[in-house]
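Printed here is protein-v1.txt (compact mmCIF, C-alpha atoms and all ligand atoms):
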# COMPACT_ATOMS: atom_id res chain seq x y z
CA MET I 1 26.67 72.46 27.18
CA SER I 2 23.60 70.91 28.87
CA LYS I 3 23.35 67.20 29.58
CA ILE I 4 19.81 66.97 28.19
CA GLU I 5 18.30 69.38 25.64
CA ILE I 6 14.70 69.17 24.50
CA ASN I 7 13.66 71.52 21.70
CA GLN I 8 10.05 72.28 20.77
CA LEU I 9 9.06 68.70 21.26
CA SER I 10 5.53 67.55 20.55
CA LYS I 11 4.07 64.05 20.49
CA LYS I 12 0.80 62.91 18.97
CA PHE I 13 -0.62 59.40 19.24
CA ILE I 14 -3.36 57.94 17.11
CA LYS I 15 -5.94 56.06 19.13
CA ARG I 16 -9.07 54.67 17.48
CA ASP I 17 -8.70 57.00 14.45
CA LYS I 18 -8.31 60.05 16.69
CA PHE I 19 -5.24 62.12 17.36
CA ILE I 20 -4.17 62.51 20.98
CA ASP I 21 -1.92 65.48 21.70
CA ALA I 22 0.18 63.90 24.45
CA LEU I 23 2.96 66.53 24.59
CA GLN I 24 3.10 70.03 23.15
CA ASP I 25 5.95 72.44 22.63
CA ILE I 26 8.31 71.20 25.34
CA THR I 27 11.61 73.06 25.44
CA LEU I 28 14.00 72.60 28.34
CA SER I 29 17.54 71.88 29.31
CA ILE I 30 18.91 69.88 32.21
CA GLN I 31 22.46 70.28 33.47
CA GLN I 32 24.98 67.53 34.27
CA GLY I 33 24.37 66.20 37.79
CA GLU I 34 20.92 67.77 38.26
CA PHE I 35 18.15 65.81 39.97
CA VAL I 36 14.95 66.87 38.23
CA CYS I 37 11.44 65.69 39.10
CA LEU I 38 8.57 65.73 36.63
CA LEU I 39 5.28 66.29 38.37
CA GLY I 40 1.89 66.53 36.71
CA PRO I 41 -1.66 65.19 36.56
CA SER I 42 -2.29 61.65 35.40
CA GLY I 43 -2.11 61.34 31.62
CA CYS I 44 -0.15 64.58 31.06
CA GLY I 45 2.60 62.72 29.21
CA LYS I 46 5.31 62.19 31.83
CA THR I 47 6.01 58.59 30.84
CA THR I 48 5.86 59.50 27.16
CA LEU I 49 8.56 62.14 27.68
CA LEU I 50 10.75 59.62 29.51
CA ARG I 51 10.20 57.00 26.82
CA ILE I 52 11.25 59.52 24.17
CA LEU I 53 14.47 60.20 26.10
CA ALA I 54 14.99 56.44 26.39
CA ASN I 55 14.60 56.19 22.60
CA LEU I 56 11.61 53.87 23.02
CA GLU I 57 9.31 56.39 21.33
CA LYS I 58 9.86 58.93 18.52
CA THR I 59 8.96 62.62 18.69
CA THR I 60 6.28 63.91 16.31
CA THR I 61 8.06 67.26 15.98
CA GLY I 62 11.09 68.69 17.72
CA ASP I 63 14.09 66.81 18.99
CA VAL I 64 15.98 65.65 22.05
CA PHE I 65 19.69 65.56 22.69
CA ILE I 66 21.64 63.73 25.41
CA GLN I 67 25.30 64.68 25.75
CA GLN I 68 27.52 61.60 25.47
CA LEU I 69 30.84 62.14 27.22
CA ASP I 70 31.97 58.53 26.93
CA LYS I 71 31.10 56.45 23.83
CA GLU I 72 31.60 53.25 25.83
CA LYS I 73 28.77 54.07 28.25
CA PRO I 74 25.07 53.59 27.63
CA LEU I 75 23.20 56.83 27.05
CA GLN I 76 20.48 56.04 29.55
CA SER I 77 19.24 53.49 32.10
CA MET I 78 15.60 53.30 33.11
CA VAL I 79 14.03 52.29 36.42
CA PHE I 80 10.32 51.44 36.30
CA GLN I 81 7.62 51.28 38.95
CA GLU I 82 7.56 47.47 38.95
CA ASN I 83 8.66 44.44 36.96
CA GLY I 84 11.96 45.97 35.95
CA ILE I 85 14.08 42.93 36.76
CA ILE I 86 14.58 39.62 35.01
CA PRO I 87 12.82 36.78 36.87
CA TRP I 88 15.19 33.94 35.89
CA LEU I 89 18.36 35.75 36.97
CA THR I 90 19.61 36.06 40.56
CA VAL I 91 19.98 39.43 42.27
CA GLU I 92 23.66 39.68 41.37
CA GLU I 93 23.10 38.48 37.80
CA ASN I 94 20.42 41.15 37.40
CA VAL I 95 22.76 43.88 38.64
CA ALA I 96 25.56 42.61 36.39
CA PHE I 97 23.31 42.15 33.34
CA GLY I 98 24.03 45.42 31.49
CA LEU I 99 27.77 45.15 32.14
CA LYS I 100 27.86 41.56 30.83
CA MET I 101 26.00 42.62 27.69
CA ARG I 102 28.80 45.10 27.07
CA HIS I 103 31.39 42.29 27.43
CA LEU I 104 33.36 44.16 30.08
CA PRO I 105 36.16 42.36 31.96
CA ARG I 106 34.90 39.86 34.54
CA ALA I 107 36.85 41.37 37.42
CA TYR I 108 35.42 44.83 36.65
CA ILE I 109 31.86 43.44 36.49
CA LYS I 110 32.30 41.65 39.82
CA GLU I 111 33.74 44.71 41.54
CA ARG I 112 31.03 47.07 40.26
CA THR I 113 28.22 44.62 41.00
CA GLU I 114 29.43 44.06 44.55
CA PHE I 115 29.89 47.77 45.13
CA TYR I 116 26.29 48.60 44.17
CA LEU I 117 24.84 45.54 45.91
CA SER I 118 26.43 46.76 49.12
CA LYS I 119 25.20 50.34 48.49
CA VAL I 120 21.59 49.12 48.45
CA GLY I 121 22.09 46.59 51.28
CA LEU I 122 21.64 43.44 49.17
CA THR I 123 25.02 41.76 49.58
CA ASN I 124 23.55 38.98 51.71
CA PHE I 125 20.73 38.40 49.24
CA LYS I 126 22.76 38.29 46.02
CA ARG I 127 22.02 34.64 45.25
CA LEU I 128 18.23 34.96 45.59
CA TYR I 129 15.81 35.10 42.66
CA PRO I 130 13.29 37.95 42.22
CA LYS I 131 10.36 35.79 43.35
CA GLU I 132 12.08 35.44 46.73
CA LEU I 133 12.32 39.23 47.22
CA SER I 134 9.99 41.86 48.69
CA GLY I 135 8.85 44.81 46.53
CA GLY I 136 11.41 47.10 48.18
CA MET I 137 14.23 44.64 47.53
CA LYS I 138 13.26 44.33 43.85
CA GLN I 139 13.39 48.11 43.49
CA ARG I 140 16.82 48.09 45.15
CA VAL I 141 17.98 45.61 42.50
CA SER I 142 16.66 47.90 39.74
CA ILE I 143 18.43 50.92 41.24
CA ALA I 144 21.69 49.01 41.74
CA ARG I 145 21.56 47.76 38.14
CA ALA I 146 20.83 51.23 36.75
CA PHE I 147 23.79 52.83 38.57
CA ALA I 148 26.11 49.85 37.91
CA ASN I 149 25.53 50.38 34.18
CA ASP I 150 27.05 53.85 34.60
CA PRO I 151 24.79 55.52 32.02
CA GLU I 152 25.08 59.15 30.95
CA ILE I 153 21.59 59.82 32.42
CA LEU I 154 19.10 57.98 34.63
CA LEU I 155 15.38 57.91 33.87
CA MET I 156 13.13 56.85 36.74
CA ASP I 157 9.38 56.33 36.29
CA GLU I 158 7.70 56.37 39.72
CA PRO I 159 10.16 53.82 41.10
CA PHE I 160 8.76 53.94 44.64
CA ALA I 161 5.05 54.30 43.91
CA ALA I 162 4.21 50.69 44.77
CA LEU I 163 6.09 50.69 48.10
CA ASP I 164 4.82 51.29 51.61
CA GLU I 165 5.78 54.59 53.29
CA GLN I 166 8.63 53.18 55.42
CA ASN I 167 10.29 51.39 52.52
CA LYS I 168 9.80 54.46 50.36
CA PHE I 169 11.67 56.68 52.85
CA ILE I 170 14.55 54.20 53.12
CA LEU I 171 14.89 53.84 49.35
CA GLN I 172 14.67 57.61 48.80
CA GLU I 173 17.57 58.05 51.23
CA GLU I 174 19.59 55.30 49.56
CA LEU I 175 18.94 56.79 46.14
CA LEU I 176 20.03 60.27 47.30
CA SER I 177 23.17 58.88 48.87
CA ILE I 178 24.20 57.06 45.65
CA TRP I 179 23.23 60.08 43.53
CA GLN I 180 25.34 62.40 45.69
CA GLU I 181 28.35 60.12 45.25
CA THR I 182 27.95 59.58 41.53
CA LYS I 183 26.42 62.95 40.55
CA LYS I 184 24.42 61.33 37.78
CA THR I 185 21.85 63.39 35.93
CA VAL I 186 18.44 62.06 37.00
CA LEU I 187 14.98 62.67 35.54
CA PHE I 188 12.45 61.24 37.98
CA ILE I 189 8.67 60.98 37.59
CA THR I 190 6.52 61.18 40.69
CA HIS I 191 2.95 61.94 41.71
CA SER I 192 4.06 62.89 45.21
CA ILE I 193 4.82 66.55 45.94
CA ASP I 194 6.60 65.52 49.16
CA GLU I 195 8.84 63.16 47.20
CA ALA I 196 9.63 65.84 44.62
CA LEU I 197 10.52 68.37 47.35
CA LEU I 198 12.72 65.85 49.13
CA LEU I 199 14.66 64.73 46.05
CA SER I 200 14.82 67.57 43.54
CA ASP I 201 17.14 70.31 42.52
CA ARG I 202 14.31 71.33 40.18
CA ILE I 203 10.65 70.44 39.79
CA LEU I 204 9.13 70.63 36.32
CA LEU I 205 5.40 71.03 36.71
CA MET I 206 3.25 69.90 33.80
CA SER I 207 -0.23 70.85 32.61
CA SER I 208 -2.95 68.33 31.88
CA GLN I 209 -3.17 67.04 28.30
CA PRO I 210 -1.63 68.21 26.07
CA GLY I 211 1.33 68.13 28.43
CA THR I 212 3.42 71.28 28.57
CA ILE I 213 5.88 72.52 31.18
CA VAL I 214 4.04 75.24 33.08
CA LYS I 215 6.48 75.88 35.92
CA ASP I 216 10.16 75.29 36.45
CA ILE I 217 10.79 75.50 40.20
CA THR I 218 14.30 75.52 41.69
CA ILE I 219 14.53 73.85 45.11
CA GLU I 220 17.28 75.54 47.01
CA MET I 221 16.96 73.80 50.38
CA GLU I 222 20.32 72.45 51.48
CA ARG I 223 21.01 68.71 51.59
CA PRO I 224 20.82 66.30 53.28
CA ARG I 225 17.07 66.88 53.58
CA SER I 226 14.59 64.89 55.60
CA ILE I 227 10.84 64.83 55.27
CA GLU I 228 10.60 66.48 58.73
CA LYS I 229 12.86 69.35 57.61
CA VAL I 230 10.97 69.70 54.32
CA ARG I 231 7.63 69.88 56.12
CA SER I 232 8.79 72.43 58.69
CA ASP I 233 10.49 74.78 56.20
CA SER I 234 8.28 77.76 55.29
CA THR I 235 9.67 78.17 51.73
CA MET I 236 9.06 74.49 51.06
CA THR I 237 5.53 74.77 52.47
CA ASP I 238 4.83 77.67 50.09
CA ILE I 239 6.12 75.62 47.14
CA PHE I 240 4.04 72.63 48.30
CA LEU I 241 0.86 74.74 48.38
CA ASP I 242 1.61 76.35 45.02
CA VAL I 243 2.16 72.96 43.35
CA TRP I 244 -0.85 71.46 45.16
CA GLU I 245 -3.15 74.26 43.91
CA HIS I 246 -1.82 73.90 40.39
CA LEU I 247 -2.40 70.12 40.38
CA GLN I 248 -5.91 70.52 41.80
CA SER I 249 -6.91 72.97 39.08
CA GLU I 250 -5.30 70.88 36.32
CA VAL I 251 -7.10 67.74 37.48
CA LYS I 252 -10.42 69.65 37.52
CA GLN I 253 -9.78 71.04 34.04
CA ALA I 254 -8.82 67.59 32.73
CA ARG I 255 -12.18 66.24 33.96
CA LEU I 256 -14.05 68.93 32.03
CA LYS I 257 -12.24 68.15 28.75
N1 LIG S 1 1.29 53.96 22.72
C1 LIG S 1 0.28 54.80 22.89
N2 LIG S 1 -0.74 54.84 22.01
C2 LIG S 1 -1.76 55.72 22.15
N3 LIG S 1 -1.86 56.60 23.17
C3 LIG S 1 -0.87 56.60 24.08
C4 LIG S 1 0.25 55.71 24.00
N4 LIG S 1 1.07 55.96 25.05
C5 LIG S 1 0.50 56.96 25.75
N5 LIG S 1 -0.66 57.34 25.18
C6 LIG S 1 -1.56 58.43 25.64
O1 LIG S 1 -0.75 59.59 25.84
C7 LIG S 1 -1.19 60.29 26.99
C8 LIG S 1 -0.03 60.46 27.95
O2 LIG S 1 0.29 59.18 28.54
P1 LIG S 1 1.45 58.98 29.60
O3 LIG S 1 1.43 57.57 30.03
O4 LIG S 1 2.70 59.53 29.03
O5 LIG S 1 0.95 59.93 30.80
P2 LIG S 1 1.48 60.02 32.30
O6 LIG S 1 1.53 61.46 32.64
O7 LIG S 1 2.73 59.25 32.45
O8 LIG S 1 0.29 59.29 33.08
P3 LIG S 1 0.26 58.64 34.55
O9 LIG S 1 0.67 59.73 35.49
O10 LIG S 1 -1.16 58.23 34.73
O11 LIG S 1 1.22 57.48 34.54
C9 LIG S 1 -2.37 59.50 27.56
O12 LIG S 1 -3.58 60.06 27.07
C10 LIG S 1 -2.18 58.11 26.99
O13 LIG S 1 -3.42 57.46 26.82
As a first step, turn the structure in this file into structure tokens.
Amino acid sequence: MSKIEINQLSKKFIKRDKFIDALQDITLSIQQGEFVCLLGPSGCGKTTLLRILANLEKTTTGDVFIQQLDKEKPLQSMVFQENGIIPWLTVEENVAFGLKMRHLPRAYIKERTEFYLSKVGLTNFKRLYPKELSGGMKQRVSIARAFANDPEILLMDEPFAALDEQNKFILQEELLSIWQETKKTVLFITHSIDEALLLSDRILLMSSQPGTIVKDITIEMERPRSIEKVRSDSTMTDIFLDVWEHLQSEVKQARLK
């Protein structure tokens, strides 16, 4: 059984008395432990698809299914591009937040919070408030909180888009290291082909609006990967060019619509 199943999903919005076909006829399945990147032109419905999986939005037709192996665990945790943490809670309170809401034993919450704080290098900053943190540190808090919650799946909406290149590389490595230990199922939105090649087991390439999945690309390069290895590998270069050409033509088509 797949971890995530999406069957003939479509989503329409109504905006100023007009229908917008945001997503059309999406059918796919994602296996337990897969790291899948969604890549597509701006406005193709990536965030909408994630919000549907997070149960923040309803489908117009079709349905989604997330396999729940443990009824005690949350189905999903989401990591956003920015502003995903609570300003009046400290770093450690933010990481512990989901666990406290589930009224888990205090010792368990402390142990899990400390484990993930150390994984993202924030142990020495645990008593700080978000306003005292850099952008990279805030994203580390969001990632630590998401994994600490131990959800069935993780949904990440361009979590590194607002970071500088150096911070982005460090956080990508940290994320991969935690993912490899926990083997969570991750659906990750990005605009960066390099990022998708570095992180993914699979890249789902979307068309411009209405968003459909036009290519499902398996990335077989062994891990651990580095951006240098990705850039010097001829198969990865071919995939990069293929995806690049697709995005270019989709963006041009979207401008003509
Ligand atoms: N609540 C809403 N009401 C009306 N239209 C919406 C709503 N949410 C999204 N849309 C429209 O649905 C389409 C898809 O939006 P979405 O944010 O999912 O795209 P995206 O691929 O994530 O874009 P980007 O890459 O720019 O973040 C867009 O045309 C957007 O304007």
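Among I:Gln139, I:Thr182, I:Thr61, I:Ser226, the residue with the shortest atom-to-atom distance to Phe169 (chain I), counting only C-alpha atoms, is I:Ser226.
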- Message: Counting only C-alpha atoms, which residue out of I:Glu152, I:Asp233, I:Glu82, I:Glu158 sits closest to Gly136 (chain I)?
- Response: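 Checking each of I:Glu152, I:Asp233, I:Glu82, I:Glu158 against Gly136 (chain I), counting only C-alpha atoms, the winner is I:Glu82.
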- Message: Set the distance at 9 Å and use all atoms listed in the file: which residues neighbour Ile203 (chain I) once local chain neighbours fewer than 6 positions away are removed? I'd like the list as a count of residues only.
- Response: 12
Dump as a Markdown table the rows for residues of chain I within 12 Å of ligand LIG 1 (chain S): closest atom pair and distance in Å with one decimal, all atoms listed in the file counted, ordered by chain and rising residue number.
| residue | atom | partner | partner_atom | distance |
| --- | --- | --- | --- | --- |
| I:Ser10 | CA | S:LIG1 | O1 | 11.4 |
| I:Lys11 | CA | S:LIG1 | O1 | 8.5 |
| I:Lys12 | CA | S:LIG1 | O1 | 7.8 |
| I:Phe13 | CA | S:LIG1 | C2 | 4.8 |
| I:Ile14 | CA | S:LIG1 | C2 | 5.7 |
| I:Lys15 | CA | S:LIG1 | C2 | 5.2 |
| I:Arg16 | CA | S:LIG1 | C2 | 8.7 |
| I:Asp17 | CA | S:LIG1 | C2 | 10.4 |
| I:Lys18 | CA | S:LIG1 | C2 | 9.6 |
| I:Phe19 | CA | S:LIG1 | N3 | 8.7 |
| I:Ile20 | CA | S:LIG1 | O12 | 6.6 |
| I:Asp21 | CA | S:LIG1 | O1 | 7.3 |
| I:Ala22 | CA | S:LIG1 | C7 | 4.6 |
| I:Leu23 | CA | S:LIG1 | C8 | 7.6 |
| I:Gln24 | CA | S:LIG1 | C8 | 11.2 |
| I:Leu38 | CA | S:LIG1 | O6 | 9.1 |
| I:Leu39 | CA | S:LIG1 | O6 | 8.4 |
| I:Gly40 | CA | S:LIG1 | O6 | 6.5 |
| I:Pro41 | CA | S:LIG1 | O9 | 6.0 |
| I:Ser42 | CA | S:LIG1 | O9 | 3.5 |
| I:Gly43 | CA | S:LIG1 | O5 | 3.5 |
| I:Cys44 | CA | S:LIG1 | O6 | 3.9 |
| I:Gly45 | CA | S:LIG1 | O4 | 3.2 |
| I:Lys46 | CA | S:LIG1 | O6 | 3.9 |
| I:Thr47 | CA | S:LIG1 | O7 | 3.7 |
| I:Thr48 | CA | S:LIG1 | O4 | 3.7 |
| I:Leu49 | CA | S:LIG1 | O4 | 6.6 |
| I:Leu50 | CA | S:LIG1 | O4 | 8.1 |
| I:Arg51 | CA | S:LIG1 | O4 | 8.2 |
| I:Ile52 | CA | S:LIG1 | O4 | 9.8 |
| I:Leu56 | CA | S:LIG1 | N1 | 10.3 |
| I:Glu57 | CA | S:LIG1 | N1 | 8.5 |
| I:Lys58 | CA | S:LIG1 | N1 | 10.8 |
| I:Phe80 | CA | S:LIG1 | O11 | 11.1 |
| I:Gln81 | CA | S:LIG1 | O11 | 9.9 |
| I:Met156 | CA | S:LIG1 | O7 | 11.5 |
| I:Asp157 | CA | S:LIG1 | O7 | 8.2 |
| I:Glu158 | CA | S:LIG1 | O11 | 8.4 |
| I:Pro159 | CA | S:LIG1 | O11 | 11.7 |
| I:Ala161 | CA | S:LIG1 | O11 | 10.6 |
| I:Phe188 | CA | S:LIG1 | O7 | 11.4 |
| I:Ile189 | CA | S:LIG1 | O7 | 8.0 |
| I:Thr190 | CA | S:LIG1 | O9 | 8.0 |
| I:His191 | CA | S:LIG1 | O9 | 7.0 |
| I:Ser192 | CA | S:LIG1 | O9 | 10.8 |
| I:Leu205 | CA | S:LIG1 | O6 | 11.1 |
| I:Met206 | CA | S:LIG1 | O6 | 8.7 |
| I:Ser207 | CA | S:LIG1 | O6 | 9.6 |
| I:Ser208 | CA | S:LIG1 | O6 | 8.2 |
| I:Gln209 | CA | S:LIG1 | O12 | 7.1 |
| I:Pro210 | CA | S:LIG1 | C7 | 8.0 |
| I:Gly211 | CA | S:LIG1 | C8 | 7.8 |
| I:Thr212 | CA | S:LIG1 | O6 | 10.8 |
| I:Ile213 | CA | S:LIG1 | O6 | 12.0 |
| I:Leu247 | CA | S:LIG1 | O9 | 11.9 |
| I:Val251 | CA | S:LIG1 | O9 | 11.3 |
| I:Ala254 | CA | S:LIG1 | O12 | 10.8 |
| I:Lys257 | CA | S:LIG1 | O12 | 12.0 |
- Counting all atoms listed in the file, figure out which residue out of I:Ser2, I:Gln253, I:Thr60, I:Ser200 gets nearest to Ile26 (chain I).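 Ranked by minimum distance to Ile26 (chain I), first place goes to I:Thr60.
Closest approach to Gln32 (chain I) among I:Asp201, I:Asp63, I:Asp164, I:Glu173 is made by I:Asp201 (distances from only C-alpha atoms).
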For Leu69 (chain I), please output as an mmCIF file with C-alpha atoms, keeping the file's coordinate frame all residues within 12 Å (counting all atoms listed in the file; exclusion window: fewer than 4 positions along the same chain).
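Saved as part_35.cif:
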data_model
loop_
_atom_site.group_PDB
_atom_site.id
_atom_site.type_symbol
_atom_site.label_atom_id
_atom_site.label_comp_id
_atom_site.auth_asym_id
_atom_site.auth_seq_id
_atom_site.Cartn_x
_atom_site.Cartn_y
_atom_site.Cartn_z
ATOM 1 C CA MET I 1 26.670 72.460 27.180
ATOM 2 C CA SER I 2 23.600 70.910 28.870
ATOM 3 C CA LYS I 3 23.350 67.200 29.580
ATOM 4 C CA GLN I 32 24.980 67.530 34.270
ATOM 5 C CA LYS I 73 28.770 54.070 28.250
ATOM 6 C CA PRO I 74 25.070 53.590 27.630
ATOM 7 C CA LEU I 75 23.200 56.830 27.050
ATOM 8 C CA ASP I 150 27.050 53.850 34.600
ATOM 9 C CA PRO I 151 24.790 55.520 32.020
ATOM 10 C CA GLU I 152 25.080 59.150 30.950
ATOM 11 C CA ILE I 153 21.590 59.820 32.420
#
Produce a table with one row for each residue of region 25-88 of chain I that has an atom at most 12 Å from any atom of region 132-135 of chain I, each row naming the nearest atom pair and its distance in Å at one decimal; use only C-alpha atoms; arrange rows by chain and rising residue number; format as CSV.
residue,atom,partner,partner_atom,distance
I:Gln81,CA,I:Gly135,CA,10.0
I:Glu82,CA,I:Gly135,CA,8.1
I:Asn83,CA,I:Gly135,CA,9.6
I:Gly84,CA,I:Gly135,CA,11.1
I:Ile85,CA,I:Leu133,CA,11.2
I:Pro87,CA,I:Glu132,CA,10.0
I:Trp88,CA,I:Glu132,CA,11.4
